[in-house]
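Quick look at coords-v5.cif (mmCIF, C-alpha atoms):
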data_start
loop_
_atom_site.label_atom_id
_atom_site.label_comp_id
_atom_site.auth_asym_id
_atom_site.auth_seq_id
_atom_site.Cartn_x
_atom_site.Cartn_y
_atom_site.Cartn_z
CA MET A 1 18.59 -0.36 10.67
CA THR A 2 15.70 -1.13 8.32
CA ILE A 3 14.77 1.83 6.10
CA THR A 4 11.09 1.80 5.15
CA PHE A 5 9.28 4.12 2.76
CA VAL A 6 5.48 4.35 3.08
CA THR A 7 3.31 6.19 0.57
CA GLY A 8 0.06 7.87 1.62
CA ALA A 9 1.23 7.83 5.22
CA ASN A 10 -0.07 11.10 6.63
CA LYS A 11 -3.25 9.40 7.92
CA GLY A 12 -5.15 6.13 8.19
CA LEU A 13 -3.47 2.82 7.52
CA GLY A 14 -0.29 4.44 6.24
CA TYR A 15 0.14 6.53 9.36
CA GLU A 16 -0.54 3.60 11.68
CA THR A 17 1.86 1.41 9.70
CA ALA A 18 4.55 4.05 10.06
CA ARG A 19 3.90 4.38 13.78
CA ARG A 20 4.10 0.65 14.42
CA LEU A 21 7.23 0.16 12.35
CA ILE A 22 8.99 3.02 14.12
CA GLU A 23 8.14 1.28 17.38
CA GLN A 24 9.86 -1.82 16.00
CA GLY A 25 13.03 0.09 15.16
CA HIS A 26 12.52 0.95 11.50
CA THR A 27 13.73 4.22 10.07
CA VAL A 28 10.52 5.36 8.41
CA LEU A 29 10.29 7.76 5.51
CA LEU A 30 6.75 9.10 5.50
CA GLY A 31 5.54 9.78 1.98
CA ALA A 32 2.51 11.97 1.32
CA ARG A 33 1.16 14.24 -1.41
CA ASP A 34 0.04 16.98 0.98
CA GLY A 35 3.18 18.72 2.18
CA LYS A 36 1.66 20.36 5.25
CA ALA A 37 -0.18 17.25 6.47
CA GLY A 38 2.76 14.99 5.66
CA ALA A 39 5.28 17.15 7.49
CA ALA A 40 3.01 17.38 10.54
CA ALA A 41 2.46 13.62 10.63
CA ALA A 42 6.17 12.91 10.25
CA LYS A 43 7.05 15.32 13.06
CA LYS A 44 4.50 13.71 15.36
CA LEU A 45 5.82 10.21 14.66
CA GLY A 46 9.53 10.95 14.51
CA ALA A 47 9.76 10.01 10.83
CA ARG A 48 11.31 11.92 7.93
CA PHE A 49 8.82 13.43 5.51
CA VAL A 50 9.30 12.97 1.77
CA GLN A 51 6.75 14.60 -0.49
CA ILE A 52 5.39 12.30 -3.20
CA ASP A 53 2.39 12.38 -5.50
CA VAL A 54 2.16 8.89 -6.95
CA THR A 55 0.17 10.20 -9.93
CA ASP A 56 3.02 12.46 -11.03
CA ASP A 57 6.15 11.01 -12.66
CA GLU A 58 8.30 14.01 -11.73
CA SER A 59 7.16 13.94 -8.11
CA VAL A 60 7.93 10.22 -7.80
CA ALA A 61 11.35 10.66 -9.40
CA ALA A 62 12.09 13.57 -7.06
CA ALA A 63 11.10 11.47 -4.04
CA ALA A 64 13.43 8.66 -5.09
CA ALA A 65 16.24 11.16 -5.67
CA ASN A 66 15.62 12.66 -2.23
CA VAL A 67 15.91 9.24 -0.58
CA GLU A 68 19.03 8.41 -2.59
CA GLN A 69 20.63 11.64 -1.41
CA HIS A 70 19.76 11.19 2.27
CA GLU A 71 19.56 7.44 3.00
CA GLY A 72 21.10 5.92 -0.12
CA SER A 73 18.91 2.82 -0.08
CA VAL A 74 15.52 1.42 0.92
CA ASP A 75 14.82 -1.96 2.52
CA VAL A 76 11.01 -1.91 2.48
CA LEU A 77 8.70 -0.07 0.09
CA ILE A 78 5.05 0.01 1.17
CA ASN A 79 2.74 1.13 -1.63
CA ASN A 80 -0.15 2.26 0.53
CA ALA A 81 -1.49 5.40 -1.19
CA GLY A 82 -5.01 4.81 -2.44
CA VAL A 83 -8.36 6.38 -3.24
CA HIS A 84 -11.87 4.93 -3.18
CA GLY A 85 -13.56 6.70 -6.07
CA PRO A 86 -17.29 6.57 -6.86
CA HIS A 87 -19.45 3.98 -5.13
CA GLY A 88 -22.93 2.72 -5.80
CA ALA A 89 -24.59 1.62 -9.02
CA PRO A 90 -22.33 2.24 -12.05
CA SER A 91 -25.05 3.72 -14.27
CA ARG A 92 -23.30 7.11 -14.27
CA LEU A 93 -19.73 5.86 -13.99
CA THR A 94 -17.40 7.44 -16.53
CA GLY A 95 -14.10 6.44 -18.01
CA ALA A 96 -12.50 9.43 -16.30
CA ASP A 97 -13.83 8.19 -12.93
CA VAL A 98 -12.16 4.84 -13.37
CA LEU A 99 -8.93 6.24 -14.78
CA SER A 100 -8.53 8.57 -11.81
CA VAL A 101 -8.77 5.64 -9.38
CA LEU A 102 -6.46 3.42 -11.41
CA ASP A 103 -3.94 6.25 -11.66
CA VAL A 104 -3.46 6.16 -7.89
CA ASN A 105 -4.21 2.57 -6.90
CA LEU A 106 -2.49 0.76 -9.76
CA VAL A 107 -0.40 3.02 -11.98
CA GLY A 108 0.90 4.87 -8.92
CA VAL A 109 2.30 1.58 -7.65
CA VAL A 110 4.03 1.01 -10.97
CA ARG A 111 5.54 4.51 -10.96
CA THR A 112 6.77 4.26 -7.40
CA THR A 113 8.09 0.72 -7.61
CA THR A 114 10.02 1.44 -10.81
CA ALA A 115 11.57 4.59 -9.36
CA PHE A 116 12.57 2.87 -6.12
CA LEU A 117 13.94 -0.37 -7.59
CA PRO A 118 17.57 0.87 -7.71
CA LEU A 119 17.33 1.85 -4.03
CA LEU A 120 15.73 -1.47 -3.08
CA ARG A 121 18.44 -3.42 -4.87
CA ARG A 122 21.02 -1.91 -2.54
CA SER A 123 19.34 -3.71 0.36
CA ALA A 124 20.38 -7.14 1.62
CA ASP A 125 16.68 -8.08 1.94
CA PRO A 126 14.52 -5.87 -0.29
CA VAL A 127 10.77 -5.99 0.23
CA VAL A 128 7.81 -4.45 -1.59
CA ILE A 129 4.35 -4.54 0.00
CA ASN A 130 1.33 -3.50 -2.04
CA VAL A 131 -1.72 -2.64 0.03
CA SER A 132 -4.51 -4.36 -1.87
CA SER A 133 -7.93 -5.58 -0.72
CA SER A 134 -10.24 -8.57 -0.78
CA MET A 135 -12.68 -6.13 -2.33
CA GLY A 136 -10.92 -7.20 -5.52
CA SER A 137 -11.42 -10.91 -4.85
CA LEU A 138 -14.05 -12.87 -6.78
CA ALA A 139 -14.35 -15.33 -3.90
CA ALA A 140 -14.88 -12.66 -1.24
CA THR A 141 -17.25 -10.47 -3.25
CA HIS A 142 -19.45 -13.49 -4.07
CA ASP A 143 -19.55 -14.79 -0.49
CA PRO A 144 -22.73 -13.44 1.20
CA SER A 145 -21.19 -13.95 4.63
CA ARG A 146 -18.47 -11.39 3.90
CA PRO A 147 -18.87 -7.59 3.95
CA GLU A 148 -17.12 -7.34 0.56
CA SER A 149 -20.19 -8.92 -1.06
CA ARG A 150 -22.41 -6.03 0.04
CA VAL A 151 -20.36 -3.14 -1.37
CA ILE A 152 -20.70 -1.67 -4.86
CA ALA A 153 -17.54 0.23 -5.74
CA PRO A 154 -16.68 -0.65 -9.36
CA ALA A 155 -13.55 1.46 -9.78
CA TYR A 156 -12.01 0.62 -6.41
CA THR A 157 -12.68 -3.11 -6.58
CA SER A 158 -11.34 -3.32 -10.13
CA SER A 159 -8.19 -1.45 -9.15
CA LYS A 160 -7.51 -3.80 -6.26
CA ALA A 161 -8.07 -6.91 -8.35
CA ALA A 162 -5.57 -5.51 -10.84
CA LEU A 163 -3.11 -4.61 -8.07
CA THR A 164 -3.11 -8.14 -6.65
CA MET A 165 -2.42 -9.57 -10.11
CA LEU A 166 0.27 -6.93 -10.68
CA THR A 167 1.90 -8.08 -7.46
CA THR A 168 2.08 -11.69 -8.63
CA GLN A 169 3.57 -10.60 -11.95
CA TYR A 170 6.24 -8.50 -10.27
CA ALA A 171 7.04 -11.37 -7.91
CA LYS A 172 7.52 -13.77 -10.82
CA ALA A 173 9.75 -11.38 -12.73
CA LEU A 174 11.74 -9.67 -9.96
CA THR A 175 13.01 -12.71 -8.11
CA ASP A 176 15.65 -10.74 -6.21
CA ILE A 177 12.94 -8.86 -4.29
CA ARG A 178 10.21 -10.21 -2.00
CA ILE A 179 6.96 -8.70 -3.32
CA ASN A 180 3.62 -9.38 -1.66
CA ALA A 181 0.13 -7.92 -1.32
CA ALA A 182 -1.61 -7.18 1.96
CA ASP A 183 -5.34 -7.12 2.63
CA PRO A 184 -6.06 -4.83 5.60
CA GLY A 185 -9.67 -5.97 5.84
CA TYR A 186 -12.66 -3.71 6.47
CA THR A 187 -11.01 -1.10 8.66
CA ALA A 188 -12.38 2.19 9.96
CA THR A 189 -10.56 4.90 7.98
CA ASP A 190 -11.37 8.07 6.04
CA LEU A 191 -11.56 5.93 2.92
CA ASN A 192 -14.86 4.38 4.06
CA GLY A 193 -16.16 7.12 6.32
CA HIS A 194 -14.90 5.18 9.38
CA THR A 195 -17.57 2.51 8.89
CA GLY A 196 -15.26 -0.50 9.05
CA PRO A 197 -15.47 -2.73 12.14
CA GLN A 198 -11.70 -3.18 12.45
CA THR A 199 -9.36 -0.75 14.19
CA VAL A 200 -6.37 0.67 12.33
CA ILE A 201 -4.16 -1.55 14.47
CA GLU A 202 -5.99 -4.63 13.22
CA GLY A 203 -5.99 -3.22 9.70
CA THR A 204 -2.22 -2.85 9.67
CA ASP A 205 -1.42 -6.28 11.12
CA ALA A 206 -0.81 -7.87 7.71
CA ILE A 207 1.29 -4.97 6.44
CA VAL A 208 3.47 -4.90 9.54
CA ALA A 209 3.87 -8.69 9.48
CA LEU A 210 5.12 -8.59 5.89
CA ALA A 211 7.46 -5.69 6.67
CA THR A 212 9.06 -7.46 9.64
CA GLU A 213 9.04 -11.17 8.74
CA GLY A 214 12.67 -11.21 7.56
CA PRO A 215 14.46 -13.24 4.87
CA GLY A 216 13.35 -16.65 3.69
CA HIS A 217 9.66 -16.02 3.20
CA GLY A 218 7.77 -16.34 -0.04
CA SER A 219 7.03 -13.81 -2.74
CA GLY A 220 3.79 -13.33 -4.70
CA ARG A 221 1.54 -13.94 -1.68
CA PHE A 222 -1.73 -12.26 -0.70
CA VAL A 223 -1.87 -11.97 3.09
CA ASP A 224 -4.39 -10.74 5.64
CA ARG A 225 -4.05 -10.52 9.42
CA THR A 226 -4.73 -14.27 9.81
CA GLY A 227 -2.25 -15.45 7.19
CA GLU A 228 -2.06 -16.20 3.49
CA ILE A 229 -5.35 -16.09 1.58
CA LYS A 230 -6.61 -16.97 -1.85
CA TRP A 231 -8.08 -14.18 -3.91
CA SER A 232 -9.63 -15.89 -6.95
#
Kindly present the structure from the file in structure tokens form.
Amino acid sequence: MTITFVTGANKGLGYETARRLIEQGHTVLLGARDGKAGAAAAKKLGARFVQIDVTDDESVAAAAANVEQHEGSVDVLINNAGVHGPHGAPSRLTGADVLSVLDVNLVGVVRTTTAFLPLLRRSADPVVINVSSSMGSLAATHDPSRPESRVIAPAYTSSKAALTMLTTQYAKALTDIRINAADPGYTATDLNGHTGPQTVIEGTDAIVALATEGPGHGSGRFVDRTGEIKWS
């Protein structure tokens, strides 16, 4: 039985990822900051709820301890929790604005991954999936044919560029774990006011593929629903 922990899973891409992986036989641990919403989502899906605020060291440590006590190990960690932050022209952007986004989208991944490494290393095939975005890709944001080129979201795009690079660094250093980044694409979720043209099923294709591909695949990749992509 594959044990999968998903952060930010009470709604949107995290919730749909959890639903699809449960359908495929995974034991899903649904992580969320909001206890009431997380517990309700877990009950609806048939997952186990674990409260986690990825911006809080004590909360992350408590979540890892909870999983160690109940399951004892984790096979797949999906770092999905994310925030959008301010969008539009950056003339009034503050350092605090950017730090608050980075604290969730980048530093939260560091906190969670570090805390869960001992549990992952008890797995025969440990996997970490970081939910990134082509919004952090120079190629995509400079291509006028792509929707990423028409969005101004300085904090979010910077955080996702950093997250993709963080993924490659982890993959180089932690060779005993398969660590990859997934690009959901422009998907209709609360994060963008449900303006994306993709459904949440389409948006979770890359995440689910990475979570179910099995041993022997590469690490340090950036993958969307059509396959591996470049992000320069």
Could you write out as a VMD selection string the residues that the PyMOL selection byres ((chain A and resi 45) around 9) matches in the shown file? chain A and resid 15 18 to 19 22 40 to 44 46 to 48
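With CA of Val74 in chain A on one side and CA of Val128 in chain A on the other, the separation reads 10.0 Å.
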Spatial neighbours of range 216-231 of chain A, 7 Å, all atoms listed in the file, chain gap at least 5 places, as a short mmCIF file (atom, residue, chain, number, x, y, z; two decimals) with C-alpha atoms, in the frame of the given file:
data_model
loop_
_atom_site.label_atom_id
_atom_site.label_comp_id
_atom_site.auth_asym_id
_atom_site.auth_seq_id
_atom_site.Cartn_x
_atom_site.Cartn_y
_atom_site.Cartn_z
CA SER A 134 -10.24 -8.57 -0.78
CA SER A 137 -11.42 -10.91 -4.85
CA LEU A 138 -14.05 -12.87 -6.78
CA ALA A 139 -14.35 -15.33 -3.90
CA THR A 167 1.90 -8.08 -7.46
CA THR A 168 2.08 -11.69 -8.63
CA ALA A 171 7.04 -11.37 -7.91
CA ARG A 178 10.21 -10.21 -2.00
CA ILE A 179 6.96 -8.70 -3.32
CA ASN A 180 3.62 -9.38 -1.66
CA ALA A 181 0.13 -7.92 -1.32
CA ALA A 182 -1.61 -7.18 1.96
CA ASP A 183 -5.34 -7.12 2.63
CA PRO A 184 -6.06 -4.83 5.60
CA ASP A 205 -1.42 -6.28 11.12
CA ALA A 206 -0.81 -7.87 7.71
#
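Considering the residues A:Val76, A:Val131, A:Tyr170, A:Leu99 and counting all atoms listed in the file, Glu213 in chain A has its shortest atom-to-atom contact with A:Val76.
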Could you list, as a PyMOL selection string, every residue matched by the PyMOL selection byres ((chain A and resi 69-71) around 12) in this structure? chain A and resi 1-5+27-29+48-50+62-68+72-75+119-120+122-123
Since I can't run it myself right now, could you work out what the PyMOL selection byres ((chain A and resi 9) around 9) selects here and report it as a PDB file with C-alpha atoms, keeping the file's coordinate frame?
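Output file part_17.pdb is given in full below:
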ATOM      1  CA  VAL A   6       5.480   4.350   3.080  1.00  0.00           C
ATOM      2  CA  THR A   7       3.310   6.190   0.570  1.00  0.00           C
ATOM      3  CA  GLY A   8       0.060   7.870   1.620  1.00  0.00           C
ATOM      4  CA  ASN A  10      -0.070  11.100   6.630  1.00  0.00           C
ATOM      5  CA  LYS A  11      -3.250   9.400   7.920  1.00  0.00           C
ATOM      6  CA  GLY A  12      -5.150   6.130   8.190  1.00  0.00           C
ATOM      7  CA  LEU A  13      -3.470   2.820   7.520  1.00  0.00           C
ATOM      8  CA  GLY A  14      -0.290   4.440   6.240  1.00  0.00           C
ATOM      9  CA  TYR A  15       0.140   6.530   9.360  1.00  0.00           C
ATOM     10  CA  GLU A  16      -0.540   3.600  11.680  1.00  0.00           C
ATOM     11  CA  THR A  17       1.860   1.410   9.700  1.00  0.00           C
ATOM     12  CA  ALA A  18       4.550   4.050  10.060  1.00  0.00           C
ATOM     13  CA  LEU A  30       6.750   9.100   5.500  1.00  0.00           C
ATOM     14  CA  GLY A  31       5.540   9.780   1.980  1.00  0.00           C
ATOM     15  CA  ALA A  32       2.510  11.970   1.320  1.00  0.00           C
ATOM     16  CA  GLY A  38       2.760  14.990   5.660  1.00  0.00           C
ATOM     17  CA  ALA A  41       2.460  13.620  10.630  1.00  0.00           C
ATOM     18  CA  ALA A  42       6.170  12.910  10.250  1.00  0.00           C
ATOM     19  CA  ASN A  80      -0.150   2.260   0.530  1.00  0.00           C
ATOM     20  CA  ALA A  81      -1.490   5.400  -1.190  1.00  0.00           C
TER      21      ALA A  81
END
So, with all atoms listed in the file as the atoms that count, which of A:Thr212, A:Thr55, A:Thr114, A:Thr94 lies closest to Pro154 in chain A? A:Thr94
